[in-house]
>>> print(open('structure.cif').read())   # mmCIF, C-alpha atoms
data_run
loop_
_atom_site.label_atom_id
_atom_site.label_comp_id
_atom_site.auth_asym_id
_atom_site.auth_seq_id
_atom_site.Cartn_x
_atom_site.Cartn_y
_atom_site.Cartn_z
CA MET A 1 -7.38 79.41 -24.43
CA ASN A 2 -9.47 79.01 -21.26
CA ARG A 3 -10.11 75.65 -19.54
CA THR A 4 -13.43 75.04 -21.28
CA GLU A 5 -11.99 75.82 -24.69
CA LYS A 6 -8.97 73.63 -24.00
CA LYS A 7 -11.18 70.67 -23.06
CA ALA A 8 -13.27 71.19 -26.20
CA GLU A 9 -10.13 71.32 -28.35
CA CYS A 10 -8.77 68.20 -26.65
CA ALA A 11 -12.05 66.40 -27.44
CA ARG A 12 -12.01 67.63 -31.07
CA LEU A 13 -8.47 66.41 -31.70
CA TRP A 14 -9.11 63.16 -29.83
CA LYS A 15 -12.15 62.43 -32.00
CA GLU A 16 -10.22 63.23 -35.19
CA ALA A 17 -7.17 61.16 -34.26
CA PHE A 18 -8.73 58.13 -32.59
CA CYS A 19 -12.38 58.07 -33.77
CA ASP A 20 -13.50 57.20 -30.23
CA SER A 21 -17.12 57.71 -29.22
CA ASP A 22 -18.25 60.98 -27.69
CA GLU A 23 -19.14 58.99 -24.56
CA PHE A 24 -15.59 57.60 -24.24
CA ILE A 25 -14.01 61.02 -24.80
CA SER A 26 -16.36 62.64 -22.28
CA GLU A 27 -15.57 59.93 -19.72
CA PHE A 28 -11.84 60.56 -20.13
CA ILE A 29 -12.19 64.34 -19.89
CA CYS A 30 -14.57 64.23 -16.90
CA ASN A 31 -12.72 61.59 -14.88
CA HIS A 32 -9.06 61.49 -15.93
CA TYR A 33 -8.12 64.64 -17.83
CA CYS A 34 -5.86 67.02 -15.94
CA GLU A 35 -5.05 70.19 -17.84
CA GLU A 36 -1.73 70.52 -16.02
CA ASN A 37 -0.68 67.08 -17.29
CA MET A 38 -1.54 67.71 -20.93
CA LEU A 39 1.30 68.91 -23.09
CA ALA A 40 0.06 70.71 -26.17
CA ILE A 41 1.21 72.78 -29.08
CA GLU A 42 -1.43 75.39 -29.81
CA ASP A 43 -1.97 77.91 -32.57
CA ASN A 44 -4.80 80.44 -32.89
CA GLY A 45 -7.08 78.67 -30.42
CA ARG A 46 -6.51 75.19 -31.82
CA ILE A 47 -4.53 72.32 -30.37
CA LEU A 48 -2.20 71.11 -33.11
CA SER A 49 -0.64 68.30 -31.08
CA MET A 50 -1.12 66.89 -27.59
CA LEU A 51 -0.25 64.15 -25.18
CA HIS A 52 -1.40 63.36 -21.66
CA ILE A 53 0.87 62.26 -18.83
CA ILE A 54 -1.21 59.92 -16.68
CA PRO A 55 0.33 59.01 -13.29
CA PHE A 56 0.09 55.33 -12.37
CA GLU A 57 1.72 53.15 -9.76
CA TRP A 58 3.50 49.91 -10.54
CA GLU A 59 4.99 47.71 -7.82
CA GLY A 60 4.79 50.69 -5.46
CA MET A 61 6.72 52.97 -7.82
CA PRO A 62 5.38 56.04 -9.61
CA VAL A 63 5.28 55.52 -13.38
CA ALA A 64 3.86 57.66 -16.16
CA TYR A 65 1.68 56.60 -19.04
CA LEU A 66 1.98 58.79 -22.14
CA TYR A 67 -1.55 58.64 -23.45
CA GLY A 68 -3.60 60.17 -26.23
CA ILE A 69 -0.59 61.25 -28.29
CA ALA A 70 -2.17 62.95 -31.29
CA THR A 71 -1.45 65.53 -33.95
CA ASP A 72 -4.03 67.35 -36.06
CA LYS A 73 -4.09 65.84 -39.56
CA ASN A 74 -3.17 69.25 -41.05
CA ALA A 75 -0.17 69.66 -38.74
CA ARG A 76 1.53 66.28 -39.16
CA GLY A 77 5.10 65.94 -40.31
CA LYS A 78 6.28 69.07 -38.48
CA GLY A 79 7.89 67.35 -35.48
CA TYR A 80 5.21 68.38 -32.97
CA ALA A 81 4.71 64.92 -31.47
CA THR A 82 8.48 64.46 -31.27
CA GLU A 83 8.77 67.74 -29.37
CA LEU A 84 6.00 66.79 -26.94
CA ILE A 85 7.35 63.29 -26.29
CA GLN A 86 10.83 64.67 -25.60
CA GLN A 87 9.38 67.25 -23.20
CA ALA A 88 7.21 64.60 -21.51
CA ILE A 89 10.17 62.28 -20.93
CA GLU A 90 12.12 65.15 -19.39
CA LYS A 91 9.19 66.13 -17.14
CA VAL A 92 8.44 62.63 -15.88
CA LYS A 93 12.10 62.13 -14.99
CA GLU A 94 12.20 65.51 -13.21
CA ASN A 95 9.09 64.52 -11.24
CA GLY A 96 10.61 61.26 -9.98
CA PHE A 97 8.76 58.74 -12.12
CA LYS A 98 10.71 55.50 -12.44
CA ALA A 99 9.45 54.56 -15.92
CA ALA A 100 7.22 55.73 -18.73
CA PHE A 101 4.88 53.60 -20.80
CA THR A 102 2.98 54.00 -24.04
CA ILE A 103 0.88 51.61 -26.12
CA PRO A 104 1.67 51.96 -29.82
CA ALA A 105 -1.52 51.57 -31.84
CA GLU A 106 0.40 50.19 -34.80
CA GLU A 107 3.85 48.81 -35.63
CA THR A 108 5.08 52.04 -37.26
CA LEU A 109 4.46 53.80 -33.94
CA SER A 110 6.55 51.16 -32.11
CA THR A 111 9.44 52.11 -34.37
CA PHE A 112 8.77 55.83 -33.83
CA TYR A 113 8.64 55.46 -30.02
CA SER A 114 11.84 53.39 -30.02
CA ASN A 115 13.65 56.56 -31.16
CA PHE A 116 12.99 57.95 -27.67
CA GLY A 117 14.13 54.81 -25.82
CA PHE A 118 10.78 53.00 -25.54
CA ASN A 119 11.29 49.28 -25.99
CA GLY A 120 9.53 45.95 -25.72
CA LYS A 121 5.98 44.73 -25.92
CA TYR A 122 4.71 44.01 -22.44
CA ALA A 123 1.18 42.95 -21.69
CA VAL A 124 -0.35 45.66 -19.53
CA LYS A 125 -3.42 45.72 -17.32
CA PHE A 126 -4.83 49.00 -16.07
CA GLU A 127 -6.58 49.15 -12.71
CA THR A 128 -8.75 52.21 -12.11
CA THR A 129 -11.57 52.86 -9.69
CA ASP A 130 -14.00 53.38 -12.59
CA ASN A 131 -12.63 50.59 -14.86
CA PHE A 132 -11.78 53.13 -17.57
CA ASP A 133 -10.06 51.43 -20.51
CA PHE A 134 -6.73 53.21 -20.96
CA GLY A 135 -5.75 50.57 -23.50
CA THR A 136 -6.79 49.89 -27.07
CA GLY A 137 -10.20 48.43 -26.31
CA ASP A 138 -8.78 44.94 -26.95
CA ARG A 139 -6.77 43.54 -24.01
CA SER A 140 -4.84 41.23 -26.33
CA LYS A 141 -3.47 44.32 -28.11
CA ASP A 142 -2.57 46.24 -24.95
CA LEU A 143 1.18 45.83 -25.36
CA ALA A 144 3.22 48.58 -23.76
CA SER A 145 6.58 49.91 -24.83
CA VAL A 146 8.59 51.04 -21.83
CA ILE A 147 11.44 53.42 -21.07
CA LEU A 148 13.11 52.84 -17.70
CA PHE A 149 14.67 55.65 -15.69
CA TYR A 150 15.78 53.34 -12.90
CA SER A 151 18.06 50.54 -14.14
CA GLN A 152 17.29 48.03 -11.39
CA ILE A 153 13.68 47.51 -12.47
CA GLN A 154 12.92 44.00 -13.68
CA LEU A 155 9.90 43.93 -15.97
CA PRO A 156 7.51 40.98 -15.65
CA THR A 157 5.53 39.44 -18.49
CA THR A 158 2.41 41.38 -17.47
CA ILE A 159 2.56 44.84 -15.97
CA VAL A 160 -0.32 45.87 -13.69
CA LEU A 161 -0.68 49.65 -13.47
CA LYS A 162 -2.82 51.14 -10.69
CA LYS A 163 -4.22 54.59 -11.32
CA GLN A 164 -3.10 57.25 -8.90
CA GLN A 165 -5.46 60.02 -7.89
CA ARG A 166 -5.79 62.77 -10.46
CA SER A 167 -2.92 65.06 -9.58
CA ALA A 168 -0.85 67.58 -11.43
CA ILE A 169 2.81 67.20 -12.15
CA THR A 170 4.97 70.13 -13.17
CA VAL A 171 4.57 70.55 -16.92
CA THR A 172 4.49 73.57 -19.15
CA ASN A 173 2.66 73.90 -22.43
CA LEU A 174 4.62 74.90 -25.48
#
>>> encode(input="structure.cif", output="structure tokens")
Amino acid sequence: MNRTEKKAECARLWKEAFCDSDEFISEFICNHYCEENMLAIEDNGRILSMLHIIPFEWEGMPVAYLYGIATDKNARGKGYATELIQQAIEKVKENGFKAAFTIPAEETLSTFYSNFGFNGKYAVKFETTDNFDFGTGDRSKDLASVILFYSQIQLPTTIVLKKQQRSAITVTNL
């Protein structure tokens, strides 16, 4: 799959999974998408499952936000998201990130993410140069689950994440 096809497939799956507007999806792909930071399981030119590793900074430390975790409705229940999350956690640790965050859209996802070590419900505020909403669209529901790779981190009530420049980390697609 070439870059253009991969972006189109990312947009297709994003729309199916999250029902976001074409404008929102386009804004993400144009301004924040980095092909090298998207983990995906592909089959016959289709993305079956994906997640994006978005580098942020918190309290001067590099942290990763696992964002846009989605699986095609016809490919669910096959362990694809599990495989991608496990690979993402390994990659962010290898690349020196001190923590990883995700925002579960519903309670069942909080339970699912806890299987990988994500815990808690911390209010999170995203700071980006373009004010892109990396959250749920409702600040009161932007509650992050966190996995710490550095035990001396003390988490505050509200976590402020500052977007790093779009840069690639070392990931490999499955």
>>> atom_distance(input="structure.cif", atom1="atom CA of A:Asp72", atom2="atom CA of A:Gly137")
22.2 Å
>>> closest_atom_pairs(input="structure.cif", of="stretch 13-132 of chain A", to="stretch 150-156 of chain A", cutoff="9 Å", atoms="all atoms listed in the file", output="CSV")
residue,atom,partner,partner_atom,distance
A:Phe97,CA,A:Tyr150,CA,8.9
A:Lys98,CA,A:Tyr150,CA,5.5
A:Ala99,CA,A:Tyr150,CA,7.1
A:Tyr122,CA,A:Pro156,CA,7.9
A:Ala123,CA,A:Pro156,CA,9.0
>>> resolve_selection(input="structure.cif", expression="the PyMOL selection byres ((chain A and resi 125-128) around 8)", output="PyMOL selection string")
chain A and resi 123-124+129-135+139+142+158-163
>>> residues_around(input="structure.cif", residues="stretch 11-15 of chain A", least_positions_apart="3", cutoff="10 Å", atoms="only C-alpha atoms", output="number ranges by chain")
A: 5-8, 18-22, 24-26, 28-29, 46-50, 68-73
>>> write_last_selection(input="structure.cif", atoms="C-alpha atoms", output="tab-separated table (two decimals), in the frame of the given file")
chain	number	residue	atom	x	y	z
A	5	GLU	CA	-11.99	75.82	-24.69
A	6	LYS	CA	-8.97	73.63	-24.00
A	7	LYS	CA	-11.18	70.67	-23.06
A	8	ALA	CA	-13.27	71.19	-26.20
A	18	PHE	CA	-8.73	58.13	-32.59
A	19	CYS	CA	-12.38	58.07	-33.77
A	20	ASP	CA	-13.50	57.20	-30.23
A	21	SER	CA	-17.12	57.71	-29.22
A	22	ASP	CA	-18.25	60.98	-27.69
A	24	PHE	CA	-15.59	57.60	-24.24
A	25	ILE	CA	-14.01	61.02	-24.80
A	26	SER	CA	-16.36	62.64	-22.28
A	28	PHE	CA	-11.84	60.56	-20.13
A	29	ILE	CA	-12.19	64.34	-19.89
A	46	ARG	CA	-6.51	75.19	-31.82
A	47	ILE	CA	-4.53	72.32	-30.37
A	48	LEU	CA	-2.20	71.11	-33.11
A	49	SER	CA	-0.64	68.30	-31.08
A	50	MET	CA	-1.12	66.89	-27.59
A	68	GLY	CA	-3.60	60.17	-26.23
A	69	ILE	CA	-0.59	61.25	-28.29
A	70	ALA	CA	-2.17	62.95	-31.29
A	71	THR	CA	-1.45	65.53	-33.95
A	72	ASP	CA	-4.03	67.35	-36.06
A	73	LYS	CA	-4.09	65.84	-39.56
>>> atom_distance(input="structure.cif", atom1="atom CA of A:Tyr65", atom2="atom CA of A:Ile89")
10.4 Å
>>> build_atoms(input="structure.cif", residues="stretch 58-69 of chain A", atoms="N, CA, C and O atoms", output="PDB file, keeping the file's coordinate frame")
ATOM      1  N   TRP A  58       3.174  51.285 -10.196  1.00  0.00           N
ATOM      2  CA  TRP A  58       3.500  49.910 -10.540  1.00  0.00           C
ATOM      3  C   TRP A  58       4.492  49.398  -9.500  1.00  0.00           C
ATOM      4  O   TRP A  58       5.532  50.020  -9.277  1.00  0.00           O
ATOM      5  N   GLU A  59       4.120  48.301  -8.842  1.00  0.00           N
ATOM      6  CA  GLU A  59       4.990  47.710  -7.820  1.00  0.00           C
ATOM      7  C   GLU A  59       5.420  48.758  -6.782  1.00  0.00           C
ATOM      8  O   GLU A  59       6.570  48.766  -6.345  1.00  0.00           O
ATOM      9  N   GLY A  60       4.507  49.667  -6.451  1.00  0.00           N
ATOM     10  CA  GLY A  60       4.790  50.690  -5.460  1.00  0.00           C
ATOM     11  C   GLY A  60       5.591  51.874  -5.957  1.00  0.00           C
ATOM     12  O   GLY A  60       5.918  52.775  -5.195  1.00  0.00           O
ATOM     13  N   MET A  61       5.921  51.881  -7.247  1.00  0.00           N
ATOM     14  CA  MET A  61       6.720  52.970  -7.820  1.00  0.00           C
ATOM     15  C   MET A  61       5.852  53.855  -8.707  1.00  0.00           C
ATOM     16  O   MET A  61       4.993  53.346  -9.425  1.00  0.00           O
ATOM     17  N   PRO A  62       6.116  55.158  -8.703  1.00  0.00           N
ATOM     18  CA  PRO A  62       5.380  56.040  -9.610  1.00  0.00           C
ATOM     19  C   PRO A  62       5.888  55.864 -11.047  1.00  0.00           C
ATOM     20  O   PRO A  62       7.094  55.892 -11.294  1.00  0.00           O
ATOM     21  N   VAL A  63       4.961  55.643 -11.962  1.00  0.00           N
ATOM     22  CA  VAL A  63       5.280  55.520 -13.380  1.00  0.00           C
ATOM     23  C   VAL A  63       4.309  56.409 -14.161  1.00  0.00           C
ATOM     24  O   VAL A  63       3.241  56.750 -13.669  1.00  0.00           O
ATOM     25  N   ALA A  64       4.694  56.777 -15.346  1.00  0.00           N
ATOM     26  CA  ALA A  64       3.860  57.660 -16.160  1.00  0.00           C
ATOM     27  C   ALA A  64       3.454  56.953 -17.443  1.00  0.00           C
ATOM     28  O   ALA A  64       4.262  56.265 -18.076  1.00  0.00           O
ATOM     29  N   TYR A  65       2.206  57.142 -17.790  1.00  0.00           N
ATOM     30  CA  TYR A  65       1.680  56.600 -19.040  1.00  0.00           C
ATOM     31  C   TYR A  65       1.477  57.769 -19.995  1.00  0.00           C
ATOM     32  O   TYR A  65       0.735  58.704 -19.694  1.00  0.00           O
ATOM     33  N   LEU A  66       2.166  57.757 -21.116  1.00  0.00           N
ATOM     34  CA  LEU A  66       1.980  58.790 -22.140  1.00  0.00           C
ATOM     35  C   LEU A  66       0.821  58.339 -23.006  1.00  0.00           C
ATOM     36  O   LEU A  66       0.902  57.339 -23.714  1.00  0.00           O
ATOM     37  N   TYR A  67      -0.260  59.073 -22.925  1.00  0.00           N
ATOM     38  CA  TYR A  67      -1.550  58.640 -23.450  1.00  0.00           C
ATOM     39  C   TYR A  67      -2.140  59.698 -24.370  1.00  0.00           C
ATOM     40  O   TYR A  67      -1.926  60.890 -24.173  1.00  0.00           O
ATOM     41  N   GLY A  68      -2.888  59.236 -25.354  1.00  0.00           N
ATOM     42  CA  GLY A  68      -3.600  60.170 -26.230  1.00  0.00           C
ATOM     43  C   GLY A  68      -2.654  61.055 -27.021  1.00  0.00           C
ATOM     44  O   GLY A  68      -2.925  62.228 -27.223  1.00  0.00           O
ATOM     45  N   ILE A  69      -1.554  60.479 -27.491  1.00  0.00           N
ATOM     46  CA  ILE A  69      -0.590  61.250 -28.290  1.00  0.00           C
ATOM     47  C   ILE A  69      -1.213  61.435 -29.674  1.00  0.00           C
ATOM     48  O   ILE A  69      -1.478  60.466 -30.376  1.00  0.00           O
TER      49      ILE A  69
END
